[in-house]
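Below is one structure, written out as structure tokens; comments come after it.
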Amino acid sequence: FISRTQILHQTGQANFAEVQNLSHAALLEAKPENRYQPVAYVENMSLALTAADLVLSRSGSAVFELAAFGLPAILIPLAESANGHQLVDAEEFAKTVAAVVIDEENLLPGIFFGQLDRILNDDALRAQMSDASSKFFIPGAAETIADRIVGVVAGTE
């Protein structure tokens, strides 16, 4: 996949050095020519998402960022998330066909690369997923919710 993709991998600060060392060793023979770039933190997420064709991510609030950019995704919800919210968010997003969900315990190379290959090699599927992702986004939703809460607290709602 490295020869036909560009990967920006946000690792988090705690995992950056380990991922960088492991990826360097793993990709030594593949000669990725900067096609794989691990970073501790993406400084300009908006730019990164604008450039993306597909996103591999945890779930939770990331789902709403993906929808804002109309991006298809492969989601791997964190199994230990509070009250299972990542799984709930991922499943709701996947119901629209915007994403594929892979549970952590099923994150095996064959399953992951099979899904990745299926989505990246099917322009119509990727377009369908992007369209579904865009439709999941509701502009102004946060403001509407905040206004309702303020209205309830103020007794005007």
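We name chains A, B, ... following the order of the structure tokens; residues begin at 1 in each chain, and ligands are numbered from 1 as shown.
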
Report the closest atom pair, with its distance in Å rounded to one decimal, for each residue of region 77-129 of chain A that has an atom no farther than 10 Å from region 62-67 of chain A; count only C-alpha atoms, sort by chain and then rising residue number, and write it as a Markdown table.
| residue | atom | partner | partner_atom | distance |
| --- | --- | --- | --- | --- |
| A:Gln86 | CA | A:Val63 | CA | 9.2 |
| A:Asp89 | CA | A:Val63 | CA | 7.0 |
| A:Ala90 | CA | A:Val63 | CA | 7.1 |
| A:Glu92 | CA | A:Val63 | CA | 9.4 |
| A:Phe93 | CA | A:Val63 | CA | 7.0 |
| A:Ala94 | CA | A:Val63 | CA | 9.9 |
| A:Ala98 | CA | A:Ala67 | CA | 8.4 |
| A:Ala99 | CA | A:Val63 | CA | 9.3 |

**Request:** Using only C-alpha atoms, determine which residues lie at most 12 Å from Val88 (chain A), disregarding the query and same-chain residues fewer than 6 positions distant; provide the list as a VMD selection string.
**Result:** chain A and resid 58 to 61 63 75 to 79 81 to 82 94 to 95 101 103

**Prompt:** What residues in region 17-95 of chain A get the DSSP label helix (DSSP H, G or I)? Please answer as a PyMOL selection string.
**Reply:** chain A and resi 17-27+45-51+62-68+82-95

Go ahead and dump the residues you just picked, C-alpha atoms, as an mmCIF file, in the first residue's frame.
data_model
loop_
_atom_site.group_PDB
_atom_site.id
_atom_site.type_symbol
_atom_site.label_atom_id
_atom_site.label_comp_id
_atom_site.auth_asym_id
_atom_site.auth_seq_id
_atom_site.Cartn_x
_atom_site.Cartn_y
_atom_site.Cartn_z
ATOM 1 C CA ALA A 17 9.276 7.636 19.218
ATOM 2 C CA GLU A 18 8.230 3.991 19.282
ATOM 3 C CA VAL A 19 6.089 4.295 16.128
ATOM 4 C CA GLN A 20 8.814 6.219 14.348
ATOM 5 C CA ASN A 21 11.422 3.556 15.174
ATOM 6 C CA LEU A 22 9.142 0.622 14.303
ATOM 7 C CA SER A 23 7.976 2.185 11.048
ATOM 8 C CA HIS A 24 11.510 3.045 9.991
ATOM 9 C CA ALA A 25 12.592 -0.554 10.522
ATOM 10 C CA ALA A 26 9.476 -1.999 8.868
ATOM 11 C CA LEU A 27 9.661 0.271 5.823
ATOM 12 C CA MET A 45 -5.940 19.098 10.975
ATOM 13 C CA SER A 46 -8.089 21.068 8.541
ATOM 14 C CA LEU A 47 -5.374 20.901 5.883
ATOM 15 C CA ALA A 48 -4.743 17.213 6.545
ATOM 16 C CA LEU A 49 -8.437 16.350 6.263
ATOM 17 C CA THR A 50 -8.821 18.432 3.105
ATOM 18 C CA ALA A 51 -6.043 16.389 1.488
ATOM 19 C CA ALA A 62 -13.672 12.404 15.251
ATOM 20 C CA VAL A 63 -16.841 11.218 13.489
ATOM 21 C CA PHE A 64 -18.166 14.766 13.406
ATOM 22 C CA GLU A 65 -14.907 16.160 12.030
ATOM 23 C CA LEU A 66 -14.953 13.519 9.287
ATOM 24 C CA ALA A 67 -18.558 14.387 8.442
ATOM 25 C CA ALA A 68 -17.724 18.105 8.271
ATOM 26 C CA ALA A 82 -16.530 5.752 28.590
ATOM 27 C CA ASN A 83 -19.897 3.984 28.354
ATOM 28 C CA GLY A 84 -18.857 2.563 24.980
ATOM 29 C CA HIS A 85 -19.481 5.951 23.325
ATOM 30 C CA GLN A 86 -16.887 5.390 20.602
ATOM 31 C CA LEU A 87 -18.613 2.224 19.430
ATOM 32 C CA VAL A 88 -22.023 3.931 19.495
ATOM 33 C CA ASP A 89 -20.710 6.905 17.471
ATOM 34 C CA ALA A 90 -18.930 4.617 14.998
ATOM 35 C CA GLU A 91 -22.003 2.443 14.481
ATOM 36 C CA GLU A 92 -24.255 5.464 13.884
ATOM 37 C CA PHE A 93 -21.812 6.828 11.304
ATOM 38 C CA ALA A 94 -21.483 3.407 9.665
ATOM 39 C CA LYS A 95 -25.281 3.015 9.386
#

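Atom pair CA of Phe137 (chain A) / CA of Val152 (chain A) has a distance of 24.7 Å (rounded to one decimal).
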
**Prompt:** Do you have the CA of Asp53 (chain A)-CA of Ala73 (chain A) distance handy?
**Reply:**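 Between these atoms lies a distance of 8.9 Å.
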
**Request:** Report the residues of region 32-108 of chain A whose backbone DSSP state falls under strand (DSSP E or B), written as a PyMOL selection string.
**Result:** chain A and resi 36-39+55-57+73-75+99-101

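Counting from CA of Leu56 (chain A), the distance to CA of Ile138 (chain A) is 21.8 Å.
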
**Message:** Which residue is closest to Phe16 (chain A)? Choose from A:Ala40, A:Arg35, A:Pro72, A:Ser3 and count only C-alpha atoms.
**Reply:** A:Ala40

**Prompt:** Can you tell me, as number ranges by chain, what residues are no more than 10 Å from Asp131 (chain A) when counting only C-alpha atoms, ignoring any on the same chain fewer than 3 positions away?
**Reply:** A: 67, 70-72, 96-98, 125-128, 134-136

**Message:** When you look at region 114-117 of chain A with a cut-off of 9 Å (counting only C-alpha atoms), what residues show up, excluding the ones that are within fewer than 4 positions of it in the same chain? I need them as a ChimeraX atom specification.
**Reply:** /A:1,54,74,100,109-110,121-122
